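K.L.:
protein.csv is the file, holding CSV, C-alpha atoms:
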chain,number,residue,atom,x,y,z
A,201,MET,CA,94.2,196.8,152.2
A,202,PRO,CA,90.8,195.0,151.5
A,203,TYR,CA,91.6,195.2,147.7
A,204,LYS,CA,94.9,193.5,148.3
A,205,ASN,CA,93.3,190.8,150.4
A,206,PHE,CA,90.7,190.2,147.7
A,207,GLU,CA,93.4,189.9,145.0
A,208,SER,CA,95.3,187.5,147.2
A,209,LEU,CA,92.2,185.4,147.7
A,210,LYS,CA,91.5,185.4,144.0
A,211,GLY,CA,95.1,184.2,143.4
A,212,PHE,CA,94.8,181.5,146.0
A,213,LEU,CA,91.5,180.3,144.5
A,214,LEU,CA,92.9,180.3,141.0
A,215,LEU,CA,96.0,178.3,142.1
A,216,TYR,CA,93.8,175.9,144.1
A,217,SER,CA,91.5,175.4,141.0
A,218,ILE,CA,94.5,174.7,138.8
A,219,LEU,CA,96.0,172.2,141.2
A,220,ALA,CA,92.6,170.5,141.7
A,221,MET,CA,92.3,170.3,137.9
A,222,PHE,CA,95.7,168.7,137.5
A,223,ILE,CA,95.1,166.3,140.4
A,224,GLY,CA,91.8,165.3,138.7
A,225,ILE,CA,93.5,164.8,135.4
A,226,GLY,CA,96.2,162.7,137.1
A,227,ILE,CA,93.7,160.5,138.8
A,228,TYR,CA,91.8,160.0,135.6
A,229,LEU,CA,94.9,159.1,133.6
A,230,TYR,CA,96.1,156.8,136.3
A,231,PHE,CA,92.7,155.0,136.3
A,232,LYS,CA,92.7,154.7,132.5
A,233,ILE,CA,96.3,153.4,132.4
A,234,SER,CA,95.6,151.0,135.2
A,235,GLN,CA,92.4,149.7,133.5
A,236,ARG,CA,94.3,149.3,130.2
A,237,ASN,CA,97.0,147.3,132.0
A,238,ASN,CA,94.4,145.1,133.6
A,239,ILE,CA,92.7,144.5,130.3
A,240,ASN,CA,96.0,143.5,128.7
A,241,GLN,CA,96.9,141.3,131.6
A,242,THR,CA,93.5,139.6,131.6
A,243,ILE,CA,94.0,138.7,127.9
A,244,GLU,CA,97.4,137.2,128.8
A,245,ASP,CA,95.7,135.4,131.8
A,246,ILE,CA,93.1,133.7,129.7
A,247,MET,CA,95.7,132.7,127.1
A,248,LEU,CA,97.8,131.1,129.8
A,249,MET,CA,94.8,129.4,131.4
A,250,VAL,CA,93.7,127.9,128.0
A,251,GLN,CA,97.2,126.6,127.4
A,252,ASN,CA,97.4,125.0,130.8
A,253,ILE,CA,93.9,123.5,130.6
A,254,SER,CA,94.5,122.1,127.1
A,255,GLU,CA,97.7,120.3,128.2
A,256,ASP,CA,95.8,118.4,131.0
A,257,GLU,CA,92.1,118.4,130.5
A,258,ALA,CA,91.4,118.1,126.8
A,259,LYS,CA,91.9,114.3,126.7
A,260,ASN,CA,89.2,113.9,129.3
A,261,ARG,CA,86.7,116.0,127.3
A,262,TYR,CA,86.5,118.3,130.3
A,263,SER,CA,84.4,115.9,132.2
A,264,GLY,CA,83.4,117.5,135.6
A,265,PHE,CA,85.6,120.5,134.8
A,266,ASN,CA,84.9,123.5,136.9
A,267,THR,CA,86.6,126.3,138.9
A,268,ASP,CA,87.6,124.0,141.8
A,269,VAL,CA,89.3,121.6,139.4
A,270,ALA,CA,91.1,124.5,137.7
A,271,VAL,CA,92.4,125.8,141.1
A,272,LEU,CA,93.6,122.3,142.2
A,273,GLY,CA,95.2,121.9,138.7
A,274,GLU,CA,97.1,125.2,139.1
A,275,TYR,CA,95.8,126.5,135.8
A,276,PHE,CA,95.3,130.1,137.0
A,277,PRO,CA,98.1,132.7,137.0
A,278,PHE,CA,99.9,132.7,140.3
A,279,ASP,CA,99.2,136.3,141.1
A,280,LEU,CA,95.4,136.1,141.0
A,281,GLN,CA,93.6,136.1,144.4
A,282,ILE,CA,92.2,132.7,145.3
A,283,GLU,CA,90.0,132.2,148.3
A,284,GLU,CA,88.6,129.0,149.8
A,285,LYS,CA,84.9,129.3,150.7
A,286,GLN,CA,83.6,126.3,152.6
A,287,GLU,CA,84.2,123.4,150.1
A,288,HIS,CA,84.7,125.6,147.0
A,289,TYR,CA,87.2,128.1,145.6
A,290,SER,CA,86.6,131.7,144.5
A,291,VAL,CA,89.0,133.3,142.0
A,292,LYS,CA,89.1,137.1,141.6
A,293,ASN,CA,89.7,138.6,138.2
A,294,ARG,CA,91.7,141.9,137.9
A,295,PHE,CA,88.6,144.1,138.0
A,296,GLY,CA,87.2,142.9,141.3
A,297,GLY,CA,84.7,140.3,140.1
A,298,GLU,CA,85.3,136.5,139.7
A,299,ILE,CA,86.6,134.1,137.1
A,300,GLN,CA,84.4,131.1,137.0
A,301,ILE,CA,84.8,127.9,134.9
A,302,TYR,CA,82.1,125.5,133.7
A,303,GLU,CA,82.1,122.3,131.7
A,304,SER,CA,80.1,122.9,128.5
A,305,PHE,CA,78.9,121.2,125.3
A,306,ALA,CA,80.9,121.2,122.1
A,307,ASP,CA,78.2,119.8,119.8
A,308,LYS,CA,74.6,118.8,119.5
A,309,GLU,CA,75.2,115.2,120.4
A,310,ALA,CA,76.7,116.1,123.8
A,311,ARG,CA,74.0,118.7,124.5
A,312,ASN,CA,71.1,116.5,123.4
A,313,LYS,CA,72.4,113.6,125.6
A,314,TYR,CA,72.3,116.0,128.5
A,315,PHE,CA,68.7,117.1,127.7
A,316,GLN,CA,67.6,113.5,127.3
A,317,PHE,CA,68.9,112.5,130.8
A,318,SER,CA,68.6,115.9,132.6
A,319,GLN,CA,66.1,114.4,135.0
A,320,ASP,CA,68.4,111.4,135.8
A,321,THR,CA,71.8,112.8,136.6
A,322,HIS,CA,73.1,109.5,137.8
A,323,THR,CA,72.5,107.8,134.5
A,324,TYR,CA,73.8,110.8,132.6
A,325,GLU,CA,77.0,110.9,134.6
A,326,LYS,CA,77.5,107.1,133.8
A,327,MET,CA,76.9,107.6,130.1
A,328,SER,CA,78.7,110.9,129.5
A,329,SER,CA,82.4,111.1,128.8
A,330,GLY,CA,82.3,114.9,129.0
A,331,GLY,CA,80.8,117.8,127.1
A,332,GLY,CA,83.9,118.4,125.0
A,333,ALA,CA,84.1,122.2,125.8
A,334,TYR,CA,84.4,124.6,128.7
A,335,ILE,CA,83.5,128.2,129.5
A,336,ILE,CA,85.6,130.9,131.3
A,337,LEU,CA,83.3,133.5,132.7
A,338,LEU,CA,84.4,137.0,133.9
A,339,THR,CA,81.9,138.7,136.2
A,340,GLU,CA,81.4,142.2,137.6
A,341,LEU,CA,82.9,144.1,134.6
A,342,SER,CA,82.4,147.7,133.8
A,343,GLY,CA,80.8,148.5,130.4
A,344,ARG,CA,84.1,149.7,128.9
A,345,VAL,CA,86.0,146.6,130.0
A,346,CYS,CA,83.3,144.4,128.7
A,347,ARG,CA,83.3,146.2,125.3
A,348,VAL,CA,87.0,146.0,124.9
A,349,LEU,CA,87.3,142.3,125.8
A,350,ALA,CA,84.3,141.4,123.6
A,351,GLN,CA,86.0,142.9,120.6
A,352,VAL,CA,89.3,141.0,121.1
A,353,ASP,CA,90.0,138.5,118.2
A,354,TRP,CA,90.2,135.5,120.5
A,355,LYS,CA,90.1,133.0,117.6
A,356,ASN,CA,93.3,134.5,116.2
A,357,LYS,CA,95.0,134.2,119.7
A,358,MET,CA,93.7,130.6,120.5
A,359,PRO,CA,92.5,128.3,117.7
A,360,ASN,CA,90.4,126.2,120.1
A,361,PHE,CA,88.1,129.3,120.8
A,362,LEU,CA,84.5,128.5,119.9
A,363,GLY,CA,82.5,131.6,120.8
A,364,LEU,CA,81.6,134.3,123.3
A,365,GLU,CA,78.7,135.9,125.0
A,366,ALA,CA,78.6,139.4,126.5
A,367,GLY,CA,75.7,140.6,128.6
A,368,TYR,CA,74.6,142.3,131.7
A,369,THR,CA,72.2,141.4,134.5
A,370,THR,CA,69.1,143.3,135.5
A,371,PRO,CA,66.5,142.6,138.1
A,372,ARG,CA,64.3,141.1,135.4
A,373,ASN,CA,67.1,139.3,133.5
A,374,GLN,CA,69.3,137.4,135.9
A,375,ASN,CA,70.2,134.8,133.3
A,376,ASN,CA,71.8,137.1,130.8
A,377,GLY,CA,75.4,136.3,129.7
A,378,LEU,CA,75.9,132.5,129.8
A,379,TYR,CA,72.9,130.3,129.0
A,380,ASN,CA,72.9,130.6,125.3
A,381,LEU,CA,76.6,130.3,125.0
A,382,HIS,CA,76.5,127.0,127.0
A,383,TYR,CA,73.6,125.4,125.1
A,384,TYR,CA,73.5,127.0,121.6
A,385,VAL,CA,77.0,128.0,120.5
A,386,LEU,CA,78.2,124.7,119.2
A,387,LYS,CA,80.5,123.3,116.5
A,388,ASP,CA,77.6,122.0,114.4
A,389,ASN,CA,74.5,124.1,115.0
A,390,LEU,CA,75.1,127.3,113.0
A,391,GLY,CA,71.8,128.8,112.2
A,392,GLU,CA,69.8,126.9,114.8
A,393,LYS,CA,66.8,128.8,116.0
A,394,PHE,CA,66.3,129.1,119.7
A,395,LEU,CA,64.3,131.3,122.1
A,396,THR,CA,65.4,131.7,125.7
A,397,ASP,CA,65.3,134.3,128.5
A,398,ASP,CA,69.0,135.0,128.0
A,399,ALA,CA,69.3,138.4,126.2
A,400,GLY,CA,73.1,138.5,126.1
A,401,LYS,CA,74.9,138.7,122.7
A,402,GLN,CA,76.5,135.5,121.4
A,403,SER,CA,79.0,135.2,118.6
A,404,TYR,CA,81.4,132.8,117.1
A,405,ASP,CA,83.7,135.8,116.4
A,406,ALA,CA,84.7,139.1,118.1
A,407,LEU,CA,81.8,141.4,118.5
A,408,THR,CA,81.5,144.5,116.3
A,409,THR,CA,81.7,147.9,118.0
A,410,GLU,CA,78.0,148.4,117.8
A,411,ASP,CA,77.1,144.9,119.1
A,412,ALA,CA,79.6,145.3,121.9
A,413,ARG,CA,78.0,148.6,122.9
A,414,LYS,CA,74.6,147.1,123.0
A,415,ALA,CA,75.7,143.9,124.8
A,416,CYS,CA,77.7,145.8,127.4
A,417,GLY,CA,75.3,148.6,128.3
A,418,CYS,CA,75.4,147.9,132.0
A,419,MET,CA,75.2,150.2,135.0
A,420,TRP,CA,78.3,150.3,137.2
A,421,ARG,CA,79.9,146.8,137.1
A,422,SER,CA,77.1,144.4,136.2
A,423,CYS,CA,78.5,143.3,132.8
A,424,SER,CA,80.0,139.8,132.2
A,425,LEU,CA,81.9,138.2,129.4
A,426,ALA,CA,81.9,134.4,128.8
A,427,LEU,CA,84.4,132.7,126.5
A,428,LYS,CA,84.0,129.1,125.2
A,429,PHE,CA,86.8,126.8,124.2
A,430,LEU,CA,87.1,123.3,122.9
As structure tokens, please, write out the structure in this file.
P.N.:
Amino acid sequence: MPYKNFESLKGFLLLYSILAMFIGIGIYLYFKISQRNNINQTIEDIMLMVQNISEDEAKNRYSGFNTDVAVLGEYFPFDLQIEEKQEHYSVKNRFGGEIQIYESFADKEARNKYFQFSQDTHTYEKMSSGGGAYIILLTELSGRVCRVLAQVDWKNKMPNFLGLEAGYTTPRNQNNGLYNLHYYVLKDNLGEKFLTDDAGKQSYDALTTEDARKACGCMWRSCSLALKFL
């Protein structure tokens, strides 16, 4: 009798192990498929947003353009989660982070004008007709999502694409991922030398596999990807 009980226990444990293995595989596959779908949908989201923005905002050189303006202009896909926080809006991306939009500089003239009057915002706002470009920032990405999106041929999908920056924040490097794209990825400054605290990887084209791996080497979901458009 004890032998039969032992054999029954062994059979039960074997069956339980097999079921647990299949459940684990199922959860893993579901996660991978879900993540791939979210990546593909995010690419479509950005293409739709860029199209909507270009139809309304380009003539104004994106003056004062930001997330709030984009929400009020209904440029985001309808199924993204938008929350109103005090006087501003927060837009969730499909990975749990945010989509943020910033006015940016298209060329050295626009950037240098800002530097010249950076201490006098009133004068700058009166003189400036807009930076001529904008940035779409995706935050709180996993390393894999960051790597895949950084290797997308955005230029082929949208001719007004100017460049991208992939990076990840650390306690010592809170500025990674946006600064250099904003100030130093321009239409007319290829080869310009600059030294900043931003250790993200900037490019006018899709990142290579190796560059994406280095740029998106974050822990958990501390990666970001910023895309710049004219």
K.L.:
Using all atoms listed in the file, I'd like a table of the residues in stretch 339-372 of chain A that come within 10 Å of stretch 395-413 of chain A; for each, show the closest atom pair and its distance in Å rounded to one decimal, ordered by chain and ascending number, as JSON lines.
P.N.:
{"residue": "A:Gly343", "atom": "CA", "partner": "A:Arg413", "partner_atom": "CA", "distance": 8.0}
{"residue": "A:Arg344", "atom": "CA", "partner": "A:Arg413", "partner_atom": "CA", "distance": 8.6}
{"residue": "A:Cys346", "atom": "CA", "partner": "A:Ala412", "partner_atom": "CA", "distance": 7.8}
{"residue": "A:Arg347", "atom": "CA", "partner": "A:Ala412", "partner_atom": "CA", "distance": 5.1}
{"residue": "A:Val348", "atom": "CA", "partner": "A:Ala412", "partner_atom": "CA", "distance": 8.0}
{"residue": "A:Leu349", "atom": "CA", "partner": "A:Ala406", "partner_atom": "CA", "distance": 8.7}
{"residue": "A:Ala350", "atom": "CA", "partner": "A:Leu407", "partner_atom": "CA", "distance": 5.7}
{"residue": "A:Gln351", "atom": "CA", "partner": "A:Ala406", "partner_atom": "CA", "distance": 4.7}
{"residue": "A:Val352", "atom": "CA", "partner": "A:Ala406", "partner_atom": "CA", "distance": 5.8}
{"residue": "A:Asp353", "atom": "CA", "partner": "A:Ala406", "partner_atom": "CA", "distance": 5.3}
{"residue": "A:Trp354", "atom": "CA", "partner": "A:Ala406", "partner_atom": "CA", "distance": 7.0}
{"residue": "A:Lys355", "atom": "CA", "partner": "A:Asp405", "partner_atom": "CA", "distance": 7.1}
{"residue": "A:Asn356", "atom": "CA", "partner": "A:Asp405", "partner_atom": "CA", "distance": 9.7}
{"residue": "A:Phe361", "atom": "CA", "partner": "A:Tyr404", "partner_atom": "CA", "distance": 8.4}
{"residue": "A:Leu362", "atom": "CA", "partner": "A:Tyr404", "partner_atom": "CA", "distance": 6.0}
{"residue": "A:Gly363", "atom": "CA", "partner": "A:Tyr404", "partner_atom": "CA", "distance": 4.0}
{"residue": "A:Leu364", "atom": "CA", "partner": "A:Ser403", "partner_atom": "CA", "distance": 5.4}
{"residue": "A:Glu365", "atom": "CA", "partner": "A:Gln402", "partner_atom": "CA", "distance": 4.2}
{"residue": "A:Ala366", "atom": "CA", "partner": "A:Lys401", "partner_atom": "CA", "distance": 5.3}
{"residue": "A:Gly367", "atom": "CA", "partner": "A:Gly400", "partner_atom": "CA", "distance": 4.2}
{"residue": "A:Tyr368", "atom": "CA", "partner": "A:Gly400", "partner_atom": "CA", "distance": 6.9}
{"residue": "A:Thr369", "atom": "CA", "partner": "A:Gly400", "partner_atom": "CA", "distance": 8.9}
{"residue": "A:Arg372", "atom": "CA", "partner": "A:Asp397", "partner_atom": "CA", "distance": 9.7}
K.L.:
Taking (82.0, 129.5, 141.0) in the file's own coordinates, collect the residues within 7 Å, counting only C-alpha atoms, and hand them back as a ChimeraX atom specification.
P.N.:
/A:267,290,300-301
K.L.:
Work out how far atom CA of A:Leu248 is from atom CA of A:Ala310, in Å to one decimal.
P.N.:
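Interatomic distance, atom CA of A:Ala310 to atom CA of A:Leu248: 26.6 Å.
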K.L.:
Find the residue from A:Asn266, A:Ser424, A:Ser318, A:Gln251 that sits nearest to A:Val345; use only C-alpha atoms when measuring.
P.N.:
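Of all the options, A:Ser424 lies closest to A:Val345.
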K.L.:
Go through A:Lys393, A:Asp388, A:Leu272, A:Ile336 and flag the residue nearest A:Ala306, using only C-alpha atoms for the distances.
P.N.:
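Nearest candidate to A:Ala306 out of A:Lys393, A:Asp388, A:Leu272, A:Ile336: A:Asp388.
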K.L.:
Taking 5 positions as the minimum chain separation for residues in the same chain, which residues sit within 6 Å of A:Glu340 when counting all atoms listed in the file? Answer as JSON, numbers by chain.
P.N.:
{"A": [297, 421, 422, 423]}
K.L.:
Given the choices A:Asn240, A:Asn376, A:Asn360, A:Thr323, which gets closest to A:Phe429 if the distance is worked out from only C-alpha atoms?
P.N.:
A:Asn360
K.L.:
Just how far from atom CA of A:Glu309 is atom CA of A:Ser263, in Å to one decimal?
P.N.:
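Computed distance, atom CA of A:Ser263 to atom CA of A:Glu309, equals 15.0 Å.
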K.L.:
Can you work out the spacing between atom CA of A:Arg294 and atom CA of A:Ser342 in Å, to one decimal?
P.N.:
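Separating atom CA of A:Arg294 from atom CA of A:Ser342 is a distance of 11.7 Å.
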K.L.:
Counting all atoms listed in the file, figure out which residue out of A:Tyr262, A:Trp420, A:Tyr289, A:Tyr275 gets nearest to A:Ala333.
P.N.:
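Between A:Tyr262, A:Trp420, A:Tyr289, A:Tyr275, the residue approaching A:Ala333 most closely is A:Tyr262.
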K.L.:
Point out the residue among A:Pro277, A:Thr339, A:Lys414, A:Glu284 with the least atom-to-atom distance to A:Glu244, counting all atoms listed in the file.
P.N.:
A:Pro277
K.L.:
Which is closest to A:Gln281 among A:Asn252, A:Asn293, A:Ser329, A:Asn380, if we use all atoms listed in the file?
P.N.:
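Going through A:Asn252, A:Asn293, A:Ser329, A:Asn380 one by one, the smallest distance to A:Gln281 is for A:Asn293.
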K.L.:
Quick one: everything within 8 Å of A:Ala258, counting all atoms listed in the file, minus sequence neighbours fewer than 4 positions away in the same chain. Send it as a list of chain:residue names.
P.N.:
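Once the nearby chain positions are removed, what remains is A:Ile253, A:Ser254, A:Tyr262, A:Gly332, A:Leu430.
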K.L.:
Find the spatial neighbours of A:Phe265, counting all atoms listed in the file, within a cut-off of 10 Å - ignore same-chain residues fewer than 3 positions away - and output them as a ChimeraX atom specification.
P.N.:
/A:253,257,260-262,268-270,301-304,330-331,333-335
K.L.:
Show which residues sit within 12 Å of A:Phe394, as a tab-separated table (two decimals) with C-alpha atoms, in the frame of the given file. Count only C-alpha atoms, and ignore same-chain residues fewer than 6 positions away.
P.N.:
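Just written: around_19.tsv:
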chain	number	residue	atom	x	y	z
A	379	TYR	CA	72.90	130.30	129.00
A	380	ASN	CA	72.90	130.60	125.30
A	381	LEU	CA	76.60	130.30	125.00
A	383	TYR	CA	73.60	125.40	125.10
A	384	TYR	CA	73.50	127.00	121.60
A	385	VAL	CA	77.00	128.00	120.50
